[in-house]
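The structure appears below as structure tokens.
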Amino acid sequence: MAVTGATVCWMHGGAAPQVRAAAQRREATAAFLCTYGDVDGPQEDPAVVVSRLIRQASGHVAWLLERVQETEAEALVWGLTSEVERQGGEFLGVDTTYSAAVNGWVRLYGEEWDRLLKMCDLAARMGVEERLVTLAEVQTKIMYEAMNGALDVLELTAEQRRRLPDVMAGLLRGMATEGRLELPAA
């Protein structure tokens, strides 16, 4: 019987390190492919996905800008464009070519900016901001109804119910102050 992930049994080479390594690679690839693009997994609202991707792209742009700013000014437009190692023939060694060319960091920065702008345009056309507001309102309503149900079960006194809005406001302010709650900017 073949070793898991391999095509040979233990007696016919399945115990060899290279066979075991290849089998582990095959198993890891198979596990990845089983979950990659899994449409039966948890579904996210497209507005939430687009919003997350925009935040990620924005982070990429900021990181790439730091790389561009760290690069010497001359290196942004002039630098090594190729190296060829000559191992045979009359002239051994490395041939290097320098030329005027856009630095890789600058190119990547521009490409990520373009990607971010396209995603922002897509988000605007999809109405992502409005959808996120609607989702937040639905989540708030669910939490409100759950809290009211819990309070009904606890059978609070009239005085306790009267103090509840002030208590909740204080708790939310405390959470915001401690950084455990992010309130939207006005």
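Scheme for the structure tokens: letters A, B, ... for chains in order shown; per-chain residue numbers from 1; ligand numbers from 1 in order shown.
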
Just list the residues in chain A DSSP gives alpha helix (DSSP H) on the backbone, as a VMD selection string.
chain A and resid 17 to 35 46 to 70 104 to 126 128 to 154 158 to 177

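Residues in contact with A:Ala47 at up to 7 Å, not including ones fewer than 4 positions away on its chain and judged by only C-alpha atoms, are Ser51, Val128, Arg131 and Leu132 of chain A.
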
Can you pull out every residue within 8 Å of A:Leu116, counting only C-alpha atoms, but drop anything in the same chain fewer than 4 positions away, and send it as a count of residues only?
5

Given only C-alpha atoms as the basis, pick out the residue of A:Leu80, A:Glu85, A:Met126, A:Ala23 nearest to A:Val49.
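Of A:Leu80, A:Glu85, A:Met126, A:Ala23, the one nearest A:Val49, counting only C-alpha atoms, is A:Met126.
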